[in-house]
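Here is protein15.cif, consisting of mmCIF, C-alpha atoms:
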```
data_entry
loop_
_atom_site.label_atom_id
_atom_site.label_comp_id
_atom_site.auth_asym_id
_atom_site.auth_seq_id
_atom_site.Cartn_x
_atom_site.Cartn_y
_atom_site.Cartn_z
CA MET A 20 0.00 0.00 0.00
CA THR A 21 1.23 3.53 -0.84
CA ALA A 22 -0.14 7.01 -0.32
CA GLN A 23 -1.49 6.85 -3.86
CA SER A 24 -3.30 3.50 -3.47
CA PRO A 25 -5.20 3.61 -0.15
CA PRO A 26 -7.15 0.68 1.23
CA ARG A 27 -10.73 0.40 0.09
CA HIS A 28 -12.17 0.87 3.57
CA TYR A 29 -9.92 3.60 4.92
CA LYS A 30 -12.45 5.66 6.88
CA PRO A 31 -12.60 3.63 10.13
CA LEU A 32 -8.81 3.67 10.48
CA VAL A 33 -8.57 7.36 9.60
CA LEU A 34 -11.28 8.28 12.12
CA SER A 35 -9.54 6.17 14.78
CA ILE A 36 -6.30 8.09 14.15
CA ILE A 37 -8.15 11.42 14.34
CA SER A 38 -9.28 10.47 17.85
CA ALA A 39 -5.77 11.56 18.92
CA THR A 40 -6.54 15.06 17.63
CA PHE A 41 -9.84 15.04 19.51
CA LEU A 42 -8.22 14.02 22.82
CA CYS A 43 -5.38 16.53 22.49
CA TYR A 44 -7.63 19.49 21.78
CA LEU A 45 -10.11 18.35 24.42
CA CYS A 46 -7.33 18.83 26.98
CA VAL A 47 -6.37 22.16 25.41
CA GLY A 48 -9.97 23.34 25.61
CA MET A 49 -10.27 22.33 29.27
CA SER A 50 -7.06 24.10 30.22
CA LEU A 51 -7.96 27.34 28.42
CA VAL A 52 -11.01 27.90 30.62
CA VAL A 53 -9.74 26.40 33.89
CA LEU A 54 -6.17 27.66 34.22
CA PRO A 55 -6.86 31.43 34.01
CA LEU A 56 -9.22 31.07 36.99
CA TYR A 57 -6.78 28.81 38.84
CA VAL A 58 -3.82 31.16 38.35
CA SER A 59 -5.76 34.25 39.41
CA GLN A 60 -8.01 32.87 42.17
CA VAL A 61 -5.89 30.10 43.72
CA LEU A 62 -2.33 31.22 43.03
CA GLY A 63 -3.20 34.89 43.44
CA GLN A 64 -1.30 35.93 40.33
CA GLY A 65 -2.15 38.87 38.09
CA ALA A 66 -3.08 39.18 34.45
CA VAL A 67 0.56 39.07 33.31
CA MET A 68 1.10 35.60 34.78
CA VAL A 69 -2.23 34.44 33.37
CA GLY A 70 -1.07 35.56 29.94
CA ILE A 71 2.28 33.79 30.36
CA VAL A 72 0.66 30.52 31.42
CA ILE A 73 -1.69 30.52 28.43
CA SER A 74 0.79 31.81 25.84
CA LEU A 75 3.53 29.33 26.72
CA GLN A 76 1.50 26.49 25.24
CA PHE A 77 1.11 28.24 21.88
CA LEU A 78 4.78 29.27 21.77
CA ALA A 79 5.81 25.67 22.47
CA THR A 80 3.53 24.43 19.67
CA LEU A 81 5.13 26.95 17.33
CA CYS A 82 8.62 25.73 18.22
CA ALA A 83 7.60 22.06 17.88
CA ARG A 84 6.46 22.29 14.24
CA PRO A 85 9.88 21.78 12.58
CA LEU A 86 10.80 18.84 14.83
CA ALA A 87 7.37 17.27 14.45
CA GLY A 88 7.69 17.24 10.68
CA ARG A 89 11.18 15.75 10.87
CA ILE A 90 10.09 12.97 13.24
CA ALA A 91 7.04 12.07 11.14
CA ASP A 92 9.02 11.96 7.88
CA ARG A 93 12.05 10.08 9.19
CA VAL A 94 10.68 7.89 12.00
CA GLY A 95 6.96 7.72 11.27
CA ALA A 96 3.80 9.76 11.77
CA LYS A 97 2.41 7.15 14.16
CA GLN A 98 5.45 7.52 16.42
CA SER A 99 4.99 11.30 16.42
CA VAL A 100 1.34 10.96 17.49
CA VAL A 101 2.08 8.39 20.21
CA ALA A 102 4.89 10.55 21.59
CA GLY A 103 2.54 13.54 21.57
CA LEU A 104 -0.17 11.71 23.51
CA VAL A 105 2.37 10.48 26.06
CA GLY A 106 3.58 14.08 26.36
CA CYS A 107 0.01 15.27 26.97
CA ALA A 108 -0.35 12.68 29.73
CA LEU A 109 2.92 13.88 31.27
CA SER A 110 1.71 17.49 31.13
CA GLY A 111 -1.41 16.46 33.05
CA MET A 112 0.73 14.86 35.75
CA LEU A 113 2.82 18.04 36.04
CA VAL A 114 -0.31 20.17 36.39
CA TRP A 115 -1.67 17.81 39.04
CA LEU A 116 1.59 17.94 41.00
CA SER A 117 1.59 21.72 40.70
CA MET A 118 -1.85 21.88 42.27
CA LEU A 119 -0.77 19.58 45.11
CA LEU A 120 2.09 21.96 45.92
CA VAL A 121 0.10 25.20 46.08
CA GLY A 122 1.96 27.64 48.33
CA HIS A 123 5.39 26.38 47.31
CA ALA A 124 7.63 27.98 44.70
CA ALA A 125 7.68 24.70 42.79
CA SER A 126 3.95 24.99 42.10
CA ILE A 127 4.13 27.70 39.46
CA VAL A 128 7.34 26.21 37.99
CA LEU A 129 5.69 22.82 37.47
CA LEU A 130 2.63 24.48 35.98
CA LEU A 131 4.76 26.38 33.45
CA ILE A 132 6.71 23.25 32.52
CA GLY A 133 3.43 21.39 32.08
CA ARG A 134 2.21 24.09 29.68
CA VAL A 135 5.38 23.83 27.60
CA VAL A 136 5.06 20.03 27.45
CA LEU A 137 1.40 20.26 26.40
CA GLY A 138 2.18 22.78 23.66
CA PHE A 139 5.08 20.72 22.34
CA SER A 140 2.92 17.60 22.37
CA GLN A 141 0.16 19.44 20.51
CA GLY A 142 2.65 20.20 17.75
CA LEU A 143 3.65 16.53 17.48
CA ILE A 144 0.03 15.37 17.34
CA GLY A 145 -1.14 18.08 14.94
CA THR A 146 1.48 17.35 12.30
CA GLY A 147 1.56 13.60 12.97
CA THR A 148 -2.17 12.97 12.62
CA LEU A 149 -2.35 14.94 9.37
CA SER A 150 0.57 13.05 7.85
CA TRP A 151 -0.64 9.69 9.15
CA THR A 152 -4.20 10.08 7.86
CA ILE A 153 -2.99 11.32 4.46
CA GLY A 154 -0.65 8.33 4.28
CA ILE A 155 -3.58 6.00 4.94
CA ALA A 156 -6.28 7.68 2.83
CA GLY A 157 -4.02 8.75 -0.04
CA SER A 158 -2.95 12.19 -1.19
CA ARG A 159 -6.02 12.43 -3.46
CA ARG A 160 -8.16 12.66 -0.31
CA MET A 161 -5.87 15.12 1.45
CA GLY A 162 -8.43 17.92 1.58
CA LYS A 163 -11.03 15.61 3.08
CA VAL A 164 -8.87 14.23 5.88
CA ILE A 165 -7.49 17.69 6.73
CA SER A 166 -11.09 18.85 7.08
CA TRP A 167 -11.91 15.91 9.34
CA ASN A 168 -8.94 16.72 11.55
CA GLY A 169 -10.13 20.30 11.82
CA ILE A 170 -13.63 19.21 12.82
CA ALA A 171 -12.14 17.03 15.55
CA ALA A 172 -9.98 19.90 16.83
CA TYR A 173 -12.68 22.58 16.93
CA GLY A 174 -15.38 20.22 18.11
CA SER A 175 -13.29 18.92 21.00
CA MET A 176 -12.31 22.43 22.11
CA ALA A 177 -15.99 23.35 22.17
CA VAL A 178 -16.68 20.30 24.34
CA GLY A 179 -13.56 20.81 26.46
CA ALA A 180 -14.54 24.24 27.78
CA PRO A 181 -17.78 23.22 29.56
CA LEU A 182 -16.30 19.85 30.52
CA GLY A 183 -13.36 21.52 32.25
CA MET A 184 -15.62 23.82 34.24
CA SER A 185 -17.88 20.91 35.20
CA LEU A 186 -14.94 18.87 36.49
CA VAL A 187 -13.69 21.79 38.56
CA GLY A 188 -17.16 22.34 39.98
CA LEU A 189 -17.55 18.68 40.94
CA PHE A 190 -14.05 17.72 42.09
CA GLY A 191 -11.82 20.79 42.24
CA TYR A 192 -8.99 22.17 40.12
CA TRP A 193 -6.79 19.09 40.57
CA SER A 194 -9.19 17.11 38.38
CA LEU A 195 -7.90 18.96 35.29
CA GLY A 196 -4.50 17.27 35.57
CA VAL A 197 -5.96 13.85 36.32
CA ALA A 198 -8.47 14.04 33.45
CA THR A 199 -5.74 15.10 31.02
CA THR A 200 -3.46 12.24 32.09
CA LEU A 201 -6.17 9.58 31.93
CA ALA A 202 -7.68 10.68 28.61
CA THR A 203 -4.44 11.01 26.69
CA GLY A 204 -2.72 8.08 28.41
CA LEU A 205 -5.53 5.75 27.38
CA GLY A 206 -5.51 7.40 23.96
CA ALA A 207 -1.82 6.55 23.55
CA LEU A 208 -2.52 2.89 24.35
CA PHE A 209 -5.34 2.85 21.78
CA VAL A 210 -3.34 4.57 19.04
CA CYS A 211 -0.40 2.19 19.55
CA ARG A 212 -2.56 -0.63 18.19
CA LEU A 213 -3.45 1.15 14.93
CA LYS A 214 -1.76 0.42 11.63
CA ALA A 215 1.03 2.82 10.70
CA ALA A 216 1.31 4.50 7.32
CA PRO A 217 4.36 3.44 5.32
CA LEU A 218 7.39 5.74 5.33
CA VAL A 219 7.87 7.39 1.96
CA PRO A 220 11.43 6.92 0.70
CA GLY A 221 13.32 9.81 -0.81
CA LYS A 222 15.58 12.74 -0.08
CA ARG A 223 14.85 14.67 3.12
CA LEU A 224 15.05 18.42 2.57
CA SER A 225 15.98 20.87 5.31
CA PHE A 226 13.10 22.56 7.09
CA LEU A 227 14.14 25.96 5.72
CA SER A 228 14.10 24.58 2.18
CA VAL A 229 10.63 23.13 2.72
CA PHE A 230 9.41 26.34 4.32
CA ALA A 231 10.62 28.39 1.35
CA ARG A 232 8.57 26.23 -1.02
CA ILE A 233 5.31 26.53 0.90
CA ALA A 234 5.80 30.14 2.12
CA PRO A 235 3.57 31.79 -0.54
CA TYR A 236 0.71 29.46 0.40
CA GLY A 237 1.44 30.01 4.09
CA LEU A 238 1.29 33.77 3.53
CA ALA A 239 -2.13 33.44 1.89
CA LEU A 240 -3.25 31.25 4.79
CA GLY A 241 -1.95 33.77 7.32
CA LEU A 242 -3.71 36.69 5.62
CA SER A 243 -7.00 34.79 5.48
CA ASN A 244 -6.85 33.82 9.15
CA ILE A 245 -6.55 37.37 10.42
CA GLY A 246 -10.35 37.37 10.33
CA PHE A 247 -10.52 34.38 12.66
CA GLY A 248 -8.05 36.08 15.02
CA VAL A 249 -10.01 39.33 15.34
CA ILE A 250 -13.33 37.52 15.80
CA ALA A 251 -12.00 35.14 18.45
CA THR A 252 -10.17 37.86 20.35
CA PHE A 253 -12.25 41.02 20.02
CA ILE A 254 -15.84 40.13 19.13
CA THR A 255 -17.11 40.60 22.70
CA LEU A 256 -15.34 43.97 23.04
CA TYR A 257 -16.66 45.05 19.63
CA TYR A 258 -20.23 44.25 20.65
CA ALA A 259 -19.75 46.13 23.93
CA SER A 260 -18.36 49.19 22.14
CA GLN A 261 -21.47 49.25 19.93
CA GLY A 262 -23.84 48.74 22.84
CA TRP A 263 -25.04 45.39 21.49
CA GLU A 264 -26.00 42.42 23.63
CA HIS A 265 -25.36 38.67 23.26
CA ALA A 266 -21.80 38.95 22.00
CA ALA A 267 -21.28 35.23 22.54
CA TRP A 268 -23.67 34.55 19.67
CA GLY A 269 -21.18 36.11 17.26
CA LEU A 270 -18.46 33.62 18.13
CA THR A 271 -21.00 30.78 18.25
CA ALA A 272 -22.27 31.68 14.77
CA PHE A 273 -18.73 31.71 13.41
CA SER A 274 -17.94 28.31 14.96
CA LEU A 275 -21.18 26.66 13.84
CA ALA A 276 -20.72 27.88 10.27
CA PHE A 277 -17.11 26.70 10.32
CA VAL A 278 -17.98 23.17 11.43
CA ALA A 279 -21.06 22.95 9.16
CA ALA A 280 -19.02 23.89 6.09
CA ARG A 281 -16.37 21.31 6.86
CA LEU A 282 -18.99 18.62 7.38
CA LEU A 283 -20.99 19.42 4.27
CA LEU A 284 -18.34 20.56 1.80
CA ALA A 285 -15.22 18.50 2.52
CA GLY A 286 -15.48 16.86 -0.92
CA VAL A 287 -15.46 20.10 -2.92
CA ILE A 288 -11.66 20.40 -2.75
CA GLU A 289 -11.24 17.02 -4.40
CA ARG A 290 -13.84 17.99 -7.03
CA PHE A 291 -12.88 21.58 -7.91
CA GLY A 292 -9.26 21.81 -6.73
CA GLY A 293 -7.62 23.67 -3.87
CA TYR A 294 -7.02 26.96 -5.70
CA ARG A 295 -10.63 27.50 -6.76
CA VAL A 296 -12.01 26.57 -3.35
CA ALA A 297 -9.49 28.83 -1.58
CA VAL A 298 -10.42 31.82 -3.78
CA ALA A 299 -14.14 31.31 -3.16
CA CYS A 300 -13.65 30.86 0.58
CA CYS A 301 -11.37 33.90 1.01
CA ALA A 302 -13.85 36.05 -0.94
CA THR A 303 -16.71 34.79 1.25
CA GLU A 304 -14.74 35.50 4.40
CA GLY A 305 -13.94 39.00 3.13
CA LEU A 306 -17.64 39.71 2.59
CA GLY A 307 -18.37 38.56 6.13
CA MET A 308 -15.69 40.86 7.48
CA VAL A 309 -17.13 43.80 5.55
CA LEU A 310 -20.53 43.10 7.10
CA LEU A 311 -18.96 43.04 10.57
CA TRP A 312 -17.08 46.27 9.87
CA LEU A 313 -20.13 48.19 8.62
CA ALA A 314 -22.81 46.41 10.68
CA PRO A 315 -25.55 48.82 11.82
CA SER A 316 -26.91 46.29 14.30
CA ALA A 317 -26.10 43.06 16.11
CA GLY A 318 -28.15 41.11 13.55
CA TRP A 319 -25.97 42.29 10.67
CA ALA A 320 -22.86 41.49 12.70
CA LEU A 321 -24.19 38.00 13.34
CA GLY A 322 -24.67 37.51 9.61
CA GLY A 323 -21.12 38.70 9.02
CA ALA A 324 -19.77 36.22 11.56
CA LEU A 325 -21.70 33.40 9.88
CA LEU A 326 -20.31 34.26 6.44
CA ALA A 327 -16.80 34.62 7.84
CA GLY A 328 -16.96 31.24 9.57
CA PHE A 329 -18.27 29.59 6.42
CA GLY A 330 -15.47 31.16 4.39
CA VAL A 331 -12.58 30.45 6.75
CA SER A 332 -13.57 26.80 7.18
CA LEU A 333 -12.02 25.33 4.02
CA ILE A 334 -9.11 27.71 3.44
CA TYR A 335 -6.65 25.67 5.49
CA PRO A 336 -7.33 22.33 3.73
CA ALA A 337 -7.73 23.92 0.28
CA LEU A 338 -4.39 25.72 0.36
CA GLY A 339 -2.78 22.81 2.21
CA VAL A 340 -3.56 20.46 -0.69
CA VAL A 341 -1.71 22.62 -3.23
CA ALA A 342 1.07 23.68 -0.86
CA VAL A 343 2.16 20.14 -0.02
CA LYS A 344 2.39 19.28 -3.74
CA ASN A 345 5.34 21.68 -4.00
CA VAL A 346 7.63 19.38 -2.02
CA PRO A 347 8.58 15.72 -2.60
CA GLU A 348 6.20 13.31 -0.91
CA SER A 349 9.05 12.13 1.32
CA ASN A 350 8.90 15.59 2.97
CA ARG A 351 5.12 15.72 3.38
CA SER A 352 5.17 15.96 7.18
CA ALA A 353 7.77 18.74 7.14
CA ALA A 354 5.60 20.63 4.64
CA LEU A 355 2.53 20.23 6.85
CA GLY A 356 4.52 21.43 9.86
CA ALA A 357 5.84 24.48 7.99
CA TYR A 358 2.37 25.24 6.65
CA SER A 359 0.84 25.04 10.14
CA LEU A 360 3.64 27.26 11.44
CA CYS A 361 2.34 30.05 9.19
CA LEU A 362 -1.10 29.69 10.77
CA ASP A 363 0.40 29.80 14.28
CA LEU A 364 2.34 32.97 13.45
CA SER A 365 -0.71 34.66 11.95
CA ILE A 366 -2.93 33.99 14.95
CA GLY A 367 -0.16 34.87 17.40
CA LEU A 368 0.59 38.24 15.76
CA THR A 369 -3.01 39.22 15.05
CA GLY A 370 -3.97 39.70 18.71
CA PRO A 371 -1.42 42.35 19.75
CA LEU A 372 -1.34 44.14 16.38
CA ALA A 373 -5.13 44.32 16.04
CA GLY A 374 -5.36 45.37 19.69
CA ALA A 375 -3.01 48.28 19.04
CA VAL A 376 -5.08 49.40 16.04
CA ALA A 377 -8.36 49.06 17.97
CA GLY A 378 -6.90 51.10 20.83
CA GLY A 379 -6.30 54.03 18.50
CA PHE A 380 -9.13 53.79 15.98
CA GLY A 381 -11.87 51.64 17.54
CA TYR A 382 -12.86 48.01 17.14
CA ALA A 383 -14.85 48.30 13.91
CA ILE A 384 -11.81 49.17 11.81
CA ILE A 385 -10.00 45.91 12.58
CA TYR A 386 -12.76 44.00 10.78
CA GLY A 387 -12.35 46.27 7.77
CA LEU A 388 -8.62 45.55 7.78
CA ALA A 389 -9.35 41.81 8.10
CA ALA A 390 -11.55 42.11 5.00
CA LEU A 391 -8.67 43.78 3.15
CA ALA A 392 -6.36 40.95 4.23
CA ALA A 393 -8.85 38.35 2.96
CA TYR A 394 -8.99 39.99 -0.47
CA LEU A 395 -5.21 40.28 -0.57
CA ALA A 396 -5.23 36.52 0.02
CA VAL A 397 -7.62 36.16 -2.95
CA ALA A 398 -5.19 38.08 -5.16
CA LEU A 399 -2.22 36.03 -3.99
CA VAL A 400 -4.01 32.71 -4.53
CA LEU A 401 -5.01 33.81 -8.05
CA VAL A 402 -1.36 34.60 -8.83
CA LEU A 403 -0.29 31.19 -7.49
CA PHE A 404 -3.04 29.49 -9.49
CA ARG A 405 -1.93 31.21 -12.68
CA ARG A 406 1.66 30.13 -12.09
CA SER A 407 0.49 26.57 -11.46
CA LEU A 408 -1.41 26.51 -14.75
CA ALA A 409 1.61 27.91 -16.58
CA ARG A 410 3.88 25.22 -15.09
CA ALA A 411 1.40 22.50 -16.02
CA ALA A 412 1.19 23.79 -19.59
CA GLU A 413 4.99 23.87 -19.82
CA VAL A 414 5.26 20.29 -18.59
CA GLU A 415 2.64 19.21 -21.11
CA GLN A 416 4.52 20.93 -23.93
CA ARG A 417 7.76 19.21 -22.93
CA ALA A 418 6.03 15.86 -22.86
CA GLY A 419 4.58 16.53 -26.31
CA ARG A 420 7.99 17.41 -27.74
CA ALA A 421 9.48 14.27 -26.15
CA ASP A 422 6.78 12.09 -27.72
CA GLY A 423 7.33 13.78 -31.06
#
```

Take the structure in the file and write it out as structure tokens.
Amino acid sequence: MTAQSPPRHYKPLVLSIISATFLCYLCVGMSLVVLPLYVSQVLGQGAVMVGIVISLQFLATLCARPLAGRIADRVGAKQSVVAGLVGCALSGMLVWLSMLLVGHAASIVLLLIGRVVLGFSQGLIGTGTLSWTIGIAGSRRMGKVISWNGIAAYGSMAVGAPLGMSLVGLFGYWSLGVATTLATGLGALFVCRLKAAPLVPGKRLSFLSVFARIAPYGLALGLSNIGFGVIATFITLYYASQGWEHAAWGLTAFSLAFVAARLLLAGVIERFGGYRVAVACCATEGLGMVLLWLAPSAGWALGGALLAGFGVSLIYPALGVVAVKNVPESNRSAALGAYSLCLDLSIGLTGPLAGAVAGGFGYAIIYGLAALAAYLAVALVLVLFRRSLARAAEVEQRAGRADG
């Protein structure tokens, strides 16, 4: 079996592998709602320490991307996922120990180390599951399995938030660490029994070389995800500045549209191609951002959030399909890691930069700028599409001359 000739009944195995993504992001979702309260209310720390505790995870994930791709390409995607789940279990143990040692200096140190381990493990699982599922389902179904992974990630984070608060309410803060360890530890045992995808032979390029090849697609991805960043970070403050109620519905509408589009339209990438789908999605997102920017009421803003969520949903898999084709298949995992790195950078930079703009010019303008970024992404994808068609025509001409 190769990546190009997947087994006939690949879905059960692929969905079993994606369970690792679900478990990882379930733990991430629980920690995002529980730890800010724990750090402020139990440890008595201020907003700066809360920010450090939360941000460390994302910084560690960012740093893990290059190594995750290298491990998956050279050792195996399955090994990357198993190591990531074991790391998640270890992070839960560190958090649990931290909560047992409240009042000691070691408490905050263990908590910070646990956050780094969780973030690093998230990077291993994120890249590993994508590469593993593509290796099982075949590169022709790349867009579909990337979409499924995204559904698992966003769905589990949505479940993780209320689950985390429920556990704390029933058992106390220490239950976060125990739940993380049990869920991901059992997940590691389950994943160990699944069939690995074959390693693809071939030359291994350096991460910088791989990054250079996918950078234009990563830039388009980063521009298109500015909209997600400003909605996730500032939608409640935007509603408040306009005097609107029910700000949570804006984020809910975005999330529901995102998941619905991935469930209903995962096959369109395979049918129409990544470039066409990415252009349509970026344009749709841009229209949603314009509605948010110019919204005269909360209802119009809700419609904008819906359109934006629907548009953003398929941009990552659509561009991912064409980006990965620019590197040899033996470097697929490194390409996925480099591509995801662009998304991490975009989301990480959007918060502080958009916050600075909103502080000077108000919250509405950041949605107008996000719309501009989405249409810049449209222009960039069209340029890349045109170059791709030109290269394909050139290859066809060469083949014709060779046959002649």

For the structure provided, state which residues fall under the PyMOL selection byres ((chain A and resi 336) around 8), and present them as a count of residues only.
13

Residues matched by the PyMOL selection byres ((chain A and resi 312) around 9), written as an NGL selection string
:A and (307-311 or 313-314 or 320 or 323 or 382-388 or 390)

Output of the PyMOL selection byres ((chain A and resi 173) around 10), listed as a list in words
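Written out, the selection comes to Thr40, Phe41, Tyr44, Leu45, Gly48, Asn168, Gly169, Ile170, Ala171, Ala172, Gly174, Ser175, Met176, Ala177, Val178, Gly179, Ser274, Leu275, Phe277 and Val278 of chain A.
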
Restricting it to C-alpha atoms, dump the selection as a JSON list (two decimals), keeping the file's coordinate frame.
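Output below, filename result_0.json:
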```json
[["chain", "number", "residue", "atom", "x", "y", "z"],
["A", 40, "THR", "CA", -6.54, 15.06, 17.63],
["A", 41, "PHE", "CA", -9.84, 15.04, 19.51],
["A", 44, "TYR", "CA", -7.63, 19.49, 21.78],
["A", 45, "LEU", "CA", -10.11, 18.35, 24.42],
["A", 48, "GLY", "CA", -9.97, 23.34, 25.61],
["A", 168, "ASN", "CA", -8.94, 16.72, 11.55],
["A", 169, "GLY", "CA", -10.13, 20.30, 11.82],
["A", 170, "ILE", "CA", -13.63, 19.21, 12.82],
["A", 171, "ALA", "CA", -12.14, 17.03, 15.55],
["A", 172, "ALA", "CA", -9.98, 19.90, 16.83],
["A", 174, "GLY", "CA", -15.38, 20.22, 18.11],
["A", 175, "SER", "CA", -13.29, 18.92, 21.00],
["A", 176, "MET", "CA", -12.31, 22.43, 22.11],
["A", 177, "ALA", "CA", -15.99, 23.35, 22.17],
["A", 178, "VAL", "CA", -16.68, 20.30, 24.34],
["A", 179, "GLY", "CA", -13.56, 20.81, 26.46],
["A", 274, "SER", "CA", -17.94, 28.31, 14.96],
["A", 275, "LEU", "CA", -21.18, 26.66, 13.84],
["A", 277, "PHE", "CA", -17.11, 26.70, 10.32],
["A", 278, "VAL", "CA", -17.98, 23.17, 11.43]]
```

Would you write out, as a tab-separated table, a table of all residues in segment 162-272 of chain A that have an atom no more than 8 Å from an atom of segment 394-410 of chain A, listing for each the closest atom pair and the distance in Å to one decimal, considering all atoms listed in the file and ordering rows by chain and rising residue number?
```
residue	atom	partner	partner_atom	distance
A:Pro235	CA	A:Leu399	CA	8.0
A:Tyr236	CA	A:Val400	CA	7.6
A:Leu238	CA	A:Ala396	CA	7.9
A:Ala239	CA	A:Ala396	CA	4.8
A:Leu240	CA	A:Ala396	CA	7.4
A:Leu242	CA	A:Ala396	CA	5.8
A:Ser243	CA	A:Ala396	CA	6.0
```

I'd like the contact shell of Leu368 of chain A - 12 Å cut-off, only C-alpha atoms, skipping same-chain residues fewer than 3 positions apart - returned as a list of chain:residue names.
A:Ser74, A:Phe77, A:Leu78, A:Gly241, A:Leu242, A:Asn244, A:Ile245, A:Gly248, A:Val249, A:Thr252, A:Cys361, A:Leu362, A:Asp363, A:Leu364, A:Ser365, A:Pro371, A:Leu372, A:Ala373, A:Gly374, A:Ala375
